$ cat target_15.txt   # compact mmCIF, C-alpha atoms and all ligand atoms
# COMPACT_ATOMS: atom_id res chain seq x y z
CA MET A 1 4.99 -20.74 -9.83
CA SER A 2 8.68 -20.60 -10.54
CA ILE A 3 9.40 -17.58 -12.67
CA ASP A 4 12.21 -17.49 -15.20
CA PHE A 5 13.64 -14.09 -14.29
CA LYS A 6 16.49 -14.49 -16.74
CA ALA A 7 14.17 -15.00 -19.70
CA LEU A 8 12.03 -12.03 -18.62
CA ALA A 9 15.09 -9.79 -18.23
CA LYS A 10 16.19 -10.79 -21.71
CA GLN A 11 12.78 -10.13 -23.22
CA TYR A 12 11.85 -6.90 -21.44
CA GLY A 13 15.18 -5.47 -20.25
CA THR A 14 16.11 -4.27 -16.78
CA PRO A 15 15.31 -2.78 -14.32
CA LEU A 16 12.07 -4.71 -14.38
CA PHE A 17 9.30 -5.33 -11.87
CA VAL A 18 7.87 -8.85 -12.02
CA TYR A 19 4.68 -9.83 -10.21
CA ASP A 20 3.22 -13.23 -9.40
CA PHE A 21 -0.56 -12.89 -9.67
CA ASP A 22 -1.09 -16.46 -8.40
CA TYR A 23 0.64 -15.50 -5.16
CA MET A 24 -1.54 -12.40 -4.89
CA THR A 25 -4.65 -14.56 -5.37
CA LYS A 26 -3.48 -16.91 -2.63
CA GLN A 27 -2.94 -14.03 -0.20
CA TYR A 28 -6.33 -12.52 -1.02
CA ASN A 29 -8.13 -15.83 -0.53
CA GLU A 30 -6.32 -16.54 2.73
CA LEU A 31 -7.51 -13.26 4.21
CA LYS A 32 -11.01 -13.44 2.77
CA ASP A 33 -11.40 -17.00 4.11
CA ALA A 34 -10.19 -15.92 7.53
CA PHE A 35 -13.21 -13.61 7.70
CA SER A 36 -15.67 -16.33 6.73
CA GLY A 37 -18.82 -16.42 8.82
CA VAL A 38 -19.14 -12.64 9.00
CA LYS A 39 -19.95 -9.96 6.43
CA SER A 40 -16.62 -8.69 5.12
CA LEU A 41 -15.10 -6.61 2.36
CA ILE A 42 -11.43 -6.66 1.45
CA ALA A 43 -10.65 -3.22 0.04
CA TYR A 44 -7.20 -3.52 -1.52
CA ALA A 45 -4.99 -0.54 -0.56
CA VAL A 46 -4.21 0.72 -4.04
CA LYS A 47 -1.21 2.74 -2.85
CA ALA A 48 0.80 -0.46 -2.39
CA ASN A 49 0.77 -1.24 -6.10
CA SER A 50 -1.54 0.73 -8.33
CA ASN A 51 -0.86 -0.83 -11.70
CA LEU A 52 -4.28 -1.14 -13.41
CA SER A 53 -3.77 -4.85 -14.05
CA VAL A 54 -2.96 -5.47 -10.38
CA ILE A 55 -6.08 -3.61 -9.23
CA SER A 56 -8.17 -5.38 -11.84
CA HIS A 57 -6.78 -8.74 -10.69
CA PHE A 58 -8.03 -8.09 -7.16
CA GLY A 59 -11.29 -6.69 -8.50
CA LYS A 60 -11.99 -9.98 -10.28
CA LEU A 61 -11.49 -11.79 -6.98
CA GLY A 62 -14.20 -9.59 -5.45
CA SER A 63 -12.00 -6.97 -3.85
CA GLY A 64 -12.88 -3.35 -3.29
CA ALA A 65 -10.35 -0.53 -3.16
CA ASP A 66 -8.99 1.72 -0.46
CA CYS A 67 -7.89 4.95 -2.14
CA VAL A 68 -6.13 8.07 -0.88
CA SER A 69 -6.50 10.44 -3.83
CA ILE A 70 -9.05 10.95 -6.57
CA GLY A 71 -6.39 9.56 -8.91
CA GLU A 72 -6.47 6.28 -7.04
CA VAL A 73 -10.29 6.31 -7.10
CA GLN A 74 -10.13 6.79 -10.88
CA ARG A 75 -7.61 3.98 -11.18
CA ALA A 76 -9.90 1.69 -9.18
CA LEU A 77 -12.90 2.59 -11.35
CA SER A 78 -10.89 2.21 -14.56
CA ALA A 79 -9.73 -1.21 -13.40
CA GLY A 80 -13.35 -2.27 -12.98
CA ILE A 81 -13.75 -2.10 -9.19
CA ASP A 82 -17.42 -1.61 -8.27
CA ASN A 83 -18.09 1.94 -7.09
CA TYR A 84 -19.89 0.66 -4.00
CA LYS A 85 -16.68 -1.07 -2.88
CA ILE A 86 -14.47 2.04 -3.03
CA ILE A 87 -13.36 4.01 0.02
CA PHE A 88 -11.66 7.38 -0.24
CA SER A 89 -9.35 8.17 2.70
CA GLY A 90 -6.61 10.69 3.38
CA VAL A 91 -6.07 13.76 5.55
CA GLY A 92 -6.19 16.36 2.77
CA LYS A 93 -8.91 15.96 0.18
CA ARG A 94 -9.52 18.92 -2.13
CA ASP A 95 -13.07 20.11 -2.89
CA ASP A 96 -12.78 18.96 -6.50
CA GLU A 97 -11.72 15.49 -5.30
CA ILE A 98 -14.69 15.38 -2.92
CA LYS A 99 -17.04 16.41 -5.73
CA ASP A 100 -15.70 13.73 -8.08
CA ALA A 101 -15.95 11.08 -5.36
CA LEU A 102 -19.59 12.04 -4.73
CA GLU A 103 -20.32 11.89 -8.44
CA ALA A 104 -18.77 8.42 -8.64
CA ASN A 105 -21.11 7.36 -5.82
CA ILE A 106 -18.42 5.45 -3.93
CA LEU A 107 -19.09 3.50 -0.73
CA MET A 108 -17.83 6.21 1.61
CA LEU A 109 -15.46 9.08 2.18
CA ASN A 110 -13.30 8.51 5.20
CA LEU A 111 -12.94 11.76 7.14
CA GLU A 112 -9.95 12.77 9.18
CA SER A 113 -10.91 16.15 10.69
CA GLU A 114 -13.85 18.35 11.58
CA ALA A 115 -12.76 20.93 9.02
CA GLU A 116 -12.79 18.28 6.32
CA MET A 117 -16.29 17.19 7.38
CA ARG A 118 -17.58 20.74 6.89
CA HIS A 119 -16.05 20.81 3.43
CA VAL A 120 -17.61 17.50 2.49
CA GLU A 121 -20.96 18.75 3.79
CA SER A 122 -20.81 21.96 1.77
CA VAL A 123 -19.70 20.20 -1.43
CA ALA A 124 -22.47 17.60 -0.96
CA LYS A 125 -25.03 20.39 -0.44
CA ARG A 126 -23.81 22.21 -3.55
CA GLU A 127 -24.06 19.02 -5.58
CA GLY A 128 -27.40 18.03 -4.07
CA LYS A 129 -26.01 14.67 -2.96
CA VAL A 130 -25.82 12.95 0.41
CA ALA A 131 -22.26 11.98 1.30
CA ARG A 132 -21.79 8.60 2.94
CA ILE A 133 -18.96 9.02 5.41
CA SER A 134 -16.84 7.17 7.89
CA ILE A 135 -14.57 8.80 10.45
CA ARG A 136 -10.99 7.76 11.01
CA VAL A 137 -10.55 7.47 14.74
CA ASN A 138 -7.11 7.64 16.24
CA PRO A 139 -7.19 5.13 19.10
CA ASN A 140 -3.82 6.27 20.49
CA VAL A 141 -2.19 2.85 20.59
CA ASP A 142 1.43 2.17 19.79
CA PRO A 143 1.62 -0.20 16.80
CA LYS A 144 5.30 -1.03 17.50
CA THR A 145 6.45 -0.50 13.93
CA HIS A 146 8.77 1.94 12.09
CA PRO A 147 7.96 5.55 13.13
CA TYR A 148 7.46 6.60 9.48
CA ILE A 149 4.70 4.04 8.99
CA SER A 150 3.12 4.32 12.43
CA THR A 151 -0.16 6.21 12.34
CA GLY A 152 -2.30 5.38 15.38
CA LEU A 153 -0.78 7.65 18.03
CA HIS A 154 -2.03 11.15 18.78
CA GLU A 155 1.38 12.48 17.77
CA ASN A 156 0.64 11.31 14.19
CA LYS A 157 -1.36 13.49 11.80
CA PHE A 158 -3.98 10.82 11.17
CA GLY A 159 -7.54 10.51 12.42
CA VAL A 160 -9.34 12.29 15.26
CA GLU A 161 -9.55 11.62 18.99
CA ILE A 162 -12.50 9.65 20.34
CA ASP A 163 -14.33 12.64 21.85
CA MET A 164 -13.96 14.62 18.68
CA ALA A 165 -15.15 11.60 16.67
CA LYS A 166 -18.31 11.42 18.78
CA ARG A 167 -19.03 15.10 18.24
CA MET A 168 -18.48 14.66 14.52
CA TYR A 169 -20.82 11.66 14.35
CA ILE A 170 -23.56 13.60 16.13
CA TYR A 171 -23.09 16.55 13.79
CA ALA A 172 -23.13 14.26 10.74
CA LYS A 173 -26.23 12.44 11.94
CA ASN A 174 -28.06 15.76 12.14
CA SER A 175 -26.85 16.99 8.77
CA LYS A 176 -29.09 16.59 5.75
CA TRP A 177 -26.04 16.10 3.54
CA LEU A 178 -24.02 13.58 5.55
CA ASP A 179 -24.78 9.93 6.25
CA PRO A 180 -22.40 8.43 8.84
CA VAL A 181 -22.25 4.77 7.82
CA GLY A 182 -18.76 3.71 8.82
CA ILE A 183 -15.94 3.89 11.31
CA HIS A 184 -12.28 3.50 10.52
CA PHE A 185 -8.89 3.14 12.12
CA HIS A 186 -5.45 2.23 10.82
CA ILE A 187 -2.69 2.19 13.39
CA GLY A 188 0.27 1.56 11.14
CA SER A 189 1.85 -0.56 8.49
CA GLN A 190 4.07 -3.66 8.56
CA LEU A 191 2.50 -4.70 11.88
CA THR A 192 3.94 -7.88 13.33
CA GLU A 193 2.14 -7.94 16.68
CA LEU A 194 -1.52 -8.64 17.23
CA SER A 195 -1.88 -7.01 20.66
CA PRO A 196 -1.97 -3.35 19.45
CA ILE A 197 -4.60 -4.31 16.85
CA LYS A 198 -6.67 -6.08 19.51
CA GLU A 199 -6.43 -3.03 21.73
CA ALA A 200 -7.49 -0.70 18.91
CA VAL A 201 -10.37 -2.94 17.75
CA GLU A 202 -11.78 -3.06 21.27
CA ILE A 203 -11.55 0.71 21.70
CA ILE A 204 -13.31 1.30 18.39
CA ALA A 205 -15.95 -1.40 19.03
CA ASN A 206 -16.81 0.32 22.31
CA LEU A 207 -17.18 3.58 20.49
CA VAL A 208 -19.54 1.93 17.99
CA ARG A 209 -21.63 0.63 20.91
CA SER A 210 -21.93 4.10 22.39
CA LEU A 211 -22.88 5.49 18.97
CA LYS A 212 -25.53 2.80 18.42
CA ALA A 213 -26.96 3.75 21.81
CA ILE A 214 -27.71 7.21 20.44
CA ASN A 215 -29.13 5.85 17.17
CA ILE A 216 -26.06 6.34 15.04
CA ASP A 217 -26.05 3.10 13.15
CA ILE A 218 -22.52 2.23 12.04
CA ARG A 219 -22.64 -0.45 9.37
CA PHE A 220 -19.01 -0.63 8.16
CA PHE A 221 -16.27 -1.37 10.66
CA ASP A 222 -13.04 -0.60 8.81
CA VAL A 223 -9.95 -2.00 10.50
CA GLY A 224 -7.50 -0.46 8.00
CA GLY A 225 -4.56 -2.38 6.62
CA GLY A 226 -1.16 -2.98 8.13
CA LEU A 227 -0.63 -6.75 8.21
CA GLY A 228 3.12 -7.28 8.09
CA VAL A 229 5.05 -9.57 5.78
CA VAL A 230 8.42 -11.31 5.87
CA TYR A 231 11.22 -9.20 4.42
CA ASP A 232 13.90 -10.83 6.54
CA LYS A 233 13.12 -12.97 9.58
CA GLU A 234 10.03 -11.24 10.98
CA SER A 235 7.51 -13.38 12.81
CA LEU A 236 4.08 -12.60 11.53
CA ILE A 237 0.55 -12.13 12.76
CA ASN A 238 -1.45 -15.26 12.01
CA THR A 239 -4.17 -14.25 9.55
CA TYR A 240 -6.76 -16.51 11.16
CA GLU A 241 -6.06 -15.13 14.67
CA TYR A 242 -6.16 -11.60 13.26
CA ALA A 243 -9.62 -12.16 11.81
CA GLU A 244 -10.84 -14.01 14.91
CA THR A 245 -9.75 -11.11 17.14
CA ILE A 246 -11.76 -8.71 15.01
CA LYS A 247 -14.77 -11.00 14.80
CA GLU A 248 -14.76 -11.56 18.56
CA ALA A 249 -14.60 -7.84 19.37
CA THR A 250 -17.45 -6.99 16.99
CA LYS A 251 -19.72 -10.03 17.32
CA ASP A 252 -22.62 -8.10 18.90
CA LEU A 253 -22.44 -5.22 16.41
CA ASP A 254 -23.99 -6.37 13.11
CA VAL A 255 -21.38 -4.64 10.97
CA THR A 256 -19.55 -5.46 7.75
CA ILE A 257 -15.84 -5.79 8.50
CA VAL A 258 -13.78 -3.84 6.00
CA CYS A 259 -10.10 -4.60 5.79
CA GLU A 260 -7.59 -2.60 3.70
CA PRO A 261 -4.48 -4.68 3.12
CA GLY A 262 -1.84 -3.51 0.69
CA ARG A 263 1.53 -4.98 1.55
CA PHE A 264 0.10 -8.34 2.68
CA LEU A 265 -1.44 -8.91 -0.74
CA THR A 266 1.41 -7.79 -2.95
CA ALA A 267 4.83 -7.35 -1.28
CA ASN A 268 6.15 -10.88 -1.61
CA GLY A 269 4.50 -11.35 -4.97
CA GLY A 270 6.90 -8.88 -6.58
CA TRP A 271 10.58 -8.69 -7.50
CA LEU A 272 12.78 -6.02 -8.99
CA ILE A 273 15.23 -7.48 -11.49
CA THR A 274 18.35 -5.48 -12.13
CA SER A 275 21.59 -5.99 -14.08
CA VAL A 276 25.09 -5.49 -12.77
CA LEU A 277 26.86 -2.66 -14.55
CA TYR A 278 30.26 -2.58 -12.83
CA GLU A 279 32.12 -3.33 -9.67
CA LYS A 280 34.46 -0.91 -7.97
CA VAL A 281 36.47 -0.71 -4.78
CA ASN A 282 37.01 2.50 -2.81
CA GLY A 283 39.51 1.86 -0.05
CA ASP A 284 38.05 -1.05 1.93
CA LYS A 285 34.64 -0.73 0.43
CA ARG A 286 33.35 -2.83 -2.46
CA PHE A 287 30.46 -1.51 -4.54
CA VAL A 288 28.37 -3.41 -7.03
CA ILE A 289 26.76 -0.83 -9.29
CA VAL A 290 23.47 -1.96 -10.83
CA ASP A 291 20.99 -0.43 -13.26
CA ALA A 292 18.18 -0.08 -10.69
CA ALA A 293 18.32 2.75 -8.20
CA MET A 294 16.51 4.58 -5.42
CA ASN A 295 14.16 6.05 -8.00
CA ASP A 296 12.94 2.49 -8.70
CA LEU A 297 12.86 1.22 -5.12
CA ILE A 298 13.20 3.90 -2.47
CA ARG A 299 12.44 1.79 0.61
CA PRO A 300 16.10 1.03 1.50
CA SER A 301 17.12 4.72 1.27
CA LEU A 302 13.98 6.09 2.88
CA TYR A 303 13.37 3.64 5.71
CA LYS A 304 16.65 1.72 5.79
CA ALA A 305 14.35 -1.15 4.84
CA TYR A 306 15.86 -4.56 4.24
CA HIS A 307 15.12 -6.32 0.95
CA LYS A 308 16.59 -9.74 0.29
CA VAL A 309 18.98 -9.62 -2.65
CA GLU A 310 19.92 -12.61 -4.73
CA LEU A 311 22.53 -12.94 -7.43
CA LEU A 312 21.24 -15.24 -10.17
CA ASP A 313 23.37 -17.98 -11.70
CA ASN A 314 26.43 -17.51 -9.59
CA GLU A 315 27.46 -20.49 -7.55
CA ASN A 316 30.88 -19.13 -6.73
CA THR A 317 29.96 -18.43 -3.10
CA LYS A 318 33.42 -19.41 -1.78
CA GLU A 319 34.83 -16.13 -2.93
CA SER A 320 32.01 -14.07 -1.41
CA LEU A 321 32.99 -10.72 0.02
CA LYS A 322 30.96 -7.91 1.49
CA ALA A 323 29.55 -5.39 -0.96
CA ASP A 324 27.03 -2.58 -1.14
CA ILE A 325 24.56 -2.77 -4.02
CA VAL A 326 24.16 0.77 -5.31
CA GLY A 327 22.44 2.47 -8.21
CA PRO A 328 23.65 5.10 -10.69
CA ILE A 329 21.92 8.06 -8.98
CA CYS A 330 24.00 10.98 -7.74
CA GLU A 331 23.24 10.53 -4.04
CA SER A 332 25.14 8.64 -1.38
CA GLY A 333 21.75 7.44 -0.16
CA ASP A 334 21.22 5.56 -3.41
CA TRP A 335 21.66 2.01 -2.19
CA LEU A 336 19.59 -1.14 -2.40
CA ALA A 337 21.55 -3.36 -0.01
CA LYS A 338 24.47 -2.85 2.34
CA ASP A 339 27.24 -5.18 3.47
CA LEU A 340 25.92 -8.10 1.52
CA LEU A 341 28.09 -11.18 1.10
CA LEU A 342 28.38 -11.58 -2.65
CA PRO A 343 30.65 -13.52 -5.01
CA PRO A 344 32.52 -11.52 -7.63
CA THR A 345 30.10 -10.26 -10.28
CA LYS A 346 30.54 -9.27 -13.88
CA SER A 347 28.73 -6.85 -16.10
CA GLY A 348 25.34 -8.27 -17.16
CA ASP A 349 24.86 -10.57 -14.14
CA LEU A 350 21.31 -10.45 -12.87
CA ILE A 351 20.32 -9.50 -9.35
CA VAL A 352 16.84 -10.12 -7.96
CA ILE A 353 15.54 -7.84 -5.22
CA HIS A 354 12.77 -9.54 -3.29
CA SER A 355 9.57 -8.22 -1.65
CA ALA A 356 9.24 -5.46 -4.22
CA GLY A 357 5.54 -5.93 -5.01
CA ALA A 358 4.38 -3.32 -2.47
CA TYR A 359 5.54 0.30 -2.27
CA GLY A 360 8.05 -0.38 -5.03
CA PHE A 361 6.81 0.95 -8.34
CA THR A 362 4.23 3.22 -6.66
CA MET A 363 7.00 5.13 -4.89
CA ALA A 364 9.20 5.29 -7.98
CA SER A 365 10.16 8.64 -9.48
CA ASN A 366 11.92 10.15 -12.47
CA TYR A 367 14.82 11.49 -10.39
CA ASN A 368 17.91 11.98 -12.54
CA THR A 369 15.59 11.75 -15.57
CA ARG A 370 15.43 8.03 -15.28
CA GLY A 371 12.42 6.44 -16.92
CA ARG A 372 10.42 4.25 -14.61
CA ALA A 373 10.80 0.49 -15.05
CA ALA A 374 8.51 -1.79 -17.04
CA GLU A 375 6.20 -4.17 -15.19
CA VAL A 376 5.38 -7.78 -15.97
CA ALA A 377 2.71 -10.05 -14.48
CA CYS A 378 2.88 -13.83 -14.34
CA GLU A 379 -0.17 -16.01 -13.90
CA GLY A 380 -0.90 -19.69 -14.55
CA GLY A 381 2.58 -20.26 -15.99
CA LYS A 382 2.41 -17.33 -18.44
CA CYS A 383 3.94 -13.87 -18.16
CA ARG A 384 2.80 -10.66 -19.88
CA LYS A 385 3.82 -7.02 -19.84
CA ILE A 386 1.48 -4.77 -17.84
CA ARG A 387 3.35 -1.48 -18.20
CA ASP A 388 5.80 -0.16 -20.75
CA ARG A 389 9.17 1.16 -19.72
CA GLU A 390 9.01 4.95 -19.62
CA ASN A 391 11.10 6.59 -22.31
CA PHE A 392 12.57 10.06 -22.63
CA GLU A 393 9.61 11.35 -24.66
CA ASP A 394 7.21 10.22 -21.91
CA GLN A 395 9.19 12.23 -19.42
CA ILE A 396 9.33 15.52 -21.33
CA ARG A 397 5.81 15.38 -22.75
CA LEU A 398 4.43 18.02 -20.37
CA GLU A 399 7.38 20.40 -20.78
CA LYS A 400 8.18 20.28 -24.45
CA ALA A 401 5.58 22.83 -25.57
CA TYR A 402 7.08 25.50 -23.30
CA LEU A 403 10.65 25.39 -24.58
N1 LIG A 501 -5.26 1.84 4.94
C1 LIG A 501 -4.74 3.04 5.27
C2 LIG A 501 -5.62 4.08 5.79
C3 LIG A 501 -3.36 3.28 5.12
O1 LIG A 501 -2.85 4.44 5.48
C4 LIG A 501 -2.52 2.26 4.62
C5 LIG A 501 -1.08 2.47 4.43
C6 LIG A 501 -3.12 1.02 4.28
C7 LIG A 501 -4.48 0.85 4.46
C8 LIG A 501 -2.32 -0.12 3.73
O2 LIG A 501 -1.36 -0.54 4.62
P1 LIG A 501 -0.58 -1.92 4.38
O3 LIG A 501 -1.58 -3.03 4.47
O4 LIG A 501 0.06 -1.87 3.06
O5 LIG A 501 0.42 -1.97 5.48
N2 LIG A 501 5.47 3.38 2.04
C9 LIG A 501 5.52 2.61 3.27
C10 LIG A 501 4.14 2.18 3.70
C11 LIG A 501 3.18 3.32 3.93
C12 LIG A 501 1.81 2.84 4.29
C13 LIG A 501 0.84 3.96 4.38
N3 LIG A 501 -0.50 3.58 4.65
C14 LIG A 501 6.45 1.43 3.07
O6 LIG A 501 7.05 1.32 1.99
O7 LIG A 501 6.66 0.64 3.98

$ encode --input "target_15.txt" --output "structure tokens"
Amino acid sequence: MSIDFKALAKQYGTPLFVYDFDYMTKQYNELKDAFSGVKSLIAYAVKANSNLSVISHFGKLGSGADCVSIGEVQRALSAGIDNYKIIFSGVGKRDDEIKDALEANILMLNLESEAEMRHVESVAKREGKVARISIRVNPNVDPKTHPYISTGLHENKFGVEIDMAKRMYIYAKNSKWLDPVGIHFHIGSQLTELSPIKEAVEIIANLVRSLKAINIDIRFFDVGGGLGVVYDKESLINTYEYAETIKEATKDLDVTIVCEPGRFLTANGGWLITSVLYEKVNGDKRFVIVDAAMNDLIRPSLYKAYHKVELLDNENTKESLKADIVGPICESGDWLAKDLLLPPTKSGDLIVIHSAGAYGFTMASNYNTRGRAAEVACEGGKCRKIRDRENFEDQIRLEKAYL
């Protein structure tokens, strides 16, 4: 759908996140369809965009949830995701989080170390519950993505080596309190090449075969998330080929394929709308100062990530000159775009930052005591607010009593 950003900015103010739920539906269906013919579960990676309405939208399409904290598990449950479609991952789960996850009777806890397995076992024993588990295996393949979002090499903190995984599976199989039902890997995010995924899938499928040979019956084959999207001019992995590669490598295994996309489902279904405050020139450098900042969208500052930036309603491209788009935060790193060719702007002009549906709002903070932006969802030609703008009272609520 074409979204009237100007009308939304007028109605809800800026900075404002706007999401296109129809786009998210289309992405979900494309991936789900690619896995047709085999048992599959799409478990939306809640960390990409954890607004309750976004999670609920995917839940209604049949999605599960991949969560990395008990908070995310609670969000998924509150948004109506079925407990048996929820996976709880992450390298550092606390005992109270483990206990709550067991109580919620989720599909499985994804374990990332032997020490964690012992904790899960003892909490399960204390609670008198059997913990369904999967183990995150680190296949040691190079995903060829940004080092900060690469996770499948031994030098990363994630997962366990194959030999250790085997030992853990054998231990779990023999434990009264652990039920090893799944296997998991996730080699990185914003992947644009299929070959590392193929390599990893084959390594993990072989491991499943060797586990089945010793009666450890893995039923969920979790390939993680990571499918890349276009921010600029990236060439992408074809969804159909991605699914075919996974199906081919696992065809003899009788497993349910679990896939945990975050960015693929939401990134290009979201925009951050911001208003120009002022322009200024320092020496040779032109700055366009806007009302959104690194606390709203940290990806440019943190990863030097590119987000397409568009000035609305300004046809005067002849006079375009290079400018940096910066926010009001007291940090030189507070920028949203650099060296962008932009016509002269005036206070109140609207700028749209693209690809902000994933890792935008979820990575936002209150730095500089800035309230986090409001969020709006559009679906079937209609838009509605799905989160209020945070105000000052919201921000001081937990401090006020101690003054
Ligand atoms: N599953 C696991 C175990 C993960 O660690 C992640 C992402 C996903 C699924 C979802 O990955 P996706 O499909 O979204 O690529 N803040 C960074 C991205 C960090 C991703 C961390 N893990 C960014 O803004 O690029």

$ axis_aligned_box --input "target_15.txt" --around "ligand LIG 501 (chain A)" --padding-each-side "5 Å" --output "JSON"
{"center_x": 0.7, "center_y": 0.7, "center_z": 3.9, "size_x": 22.7, "size_y": 17.5, "size_z": 13.8}

$ atom_distance --input "target_15.txt" --atom1 "CA of Leu398 in chain A" --atom2 "CA of Asp100 in chain A"
24.0 Å

$ closest_atom_pairs --input "target_15.txt" --of "chain A" --to "ligand LIG 501 (chain A)" --cutoff "7 Å" --atoms "only C-alpha atoms and all ligand atoms" --output "JSON lines"
{"residue": "A:Ala45", "atom": "CA", "partner": "A:LIG501", "partner_atom": "C8", "distance": 5.1}
{"residue": "A:Ala48", "atom": "CA", "partner": "A:LIG501", "partner_atom": "O4", "distance": 5.7}
{"residue": "A:Asp66", "atom": "CA", "partner": "A:LIG501", "partner_atom": "N1", "distance": 6.6}
{"residue": "A:Ser89", "atom": "CA", "partner": "A:LIG501", "partner_atom": "C2", "distance": 6.3}
{"residue": "A:Ile149", "atom": "CA", "partner": "A:LIG501", "partner_atom": "C11", "distance": 5.3}
{"residue": "A:His186", "atom": "CA", "partner": "A:LIG501", "partner_atom": "C2", "distance": 5.4}
{"residue": "A:Gly188", "atom": "CA", "partner": "A:LIG501", "partner_atom": "O5", "distance": 6.7}
{"residue": "A:Ser189", "atom": "CA", "partner": "A:LIG501", "partner_atom": "O5", "distance": 3.6}
{"residue": "A:Gln190", "atom": "CA", "partner": "A:LIG501", "partner_atom": "O5", "distance": 5.1}
{"residue": "A:Gly224", "atom": "CA", "partner": "A:LIG501", "partner_atom": "N1", "distance": 4.4}
{"residue": "A:Gly225", "atom": "CA", "partner": "A:LIG501", "partner_atom": "O3", "distance": 3.7}
{"residue": "A:Gly226", "atom": "CA", "partner": "A:LIG501", "partner_atom": "O5", "distance": 3.2}
{"residue": "A:Leu227", "atom": "CA", "partner": "A:LIG501", "partner_atom": "O3", "distance": 5.4}
{"residue": "A:Gly228", "atom": "CA", "partner": "A:LIG501", "partner_atom": "O5", "distance": 6.5}
{"residue": "A:Glu260", "atom": "CA", "partner": "A:LIG501", "partner_atom": "C7", "distance": 4.7}
{"residue": "A:Pro261", "atom": "CA", "partner": "A:LIG501", "partner_atom": "O3", "distance": 3.6}
{"residue": "A:Gly262", "atom": "CA", "partner": "A:LIG501", "partner_atom": "O4", "distance": 3.5}
{"residue": "A:Arg263", "atom": "CA", "partner": "A:LIG501", "partner_atom": "O4", "distance": 3.8}
{"residue": "A:Phe264", "atom": "CA", "partner": "A:LIG501", "partner_atom": "O3", "distance": 5.9}
{"residue": "A:Arg299", "atom": "CA", "partner": "A:LIG501", "partner_atom": "O6", "distance": 5.6}
{"residue": "A:Ala358", "atom": "CA", "partner": "A:LIG501", "partner_atom": "O6", "distance": 7.0}
{"residue": "A:Tyr359", "atom": "CA", "partner": "A:LIG501", "partner_atom": "O6", "distance": 4.6}

$ residues_around --input "target_15.txt" --residues "Lys280 in chain A" --least-positions-apart "3" --cutoff "12 Å" --atoms "only C-alpha atoms" --output "ChimeraX atom specification"
/A:276-277,283-290,323-326,344-347

$ atom_distance --input "target_15.txt" --atom1 "CA of Ser2 in chain A" --atom2 "CA of Thr274 in chain A"
18.0 Å
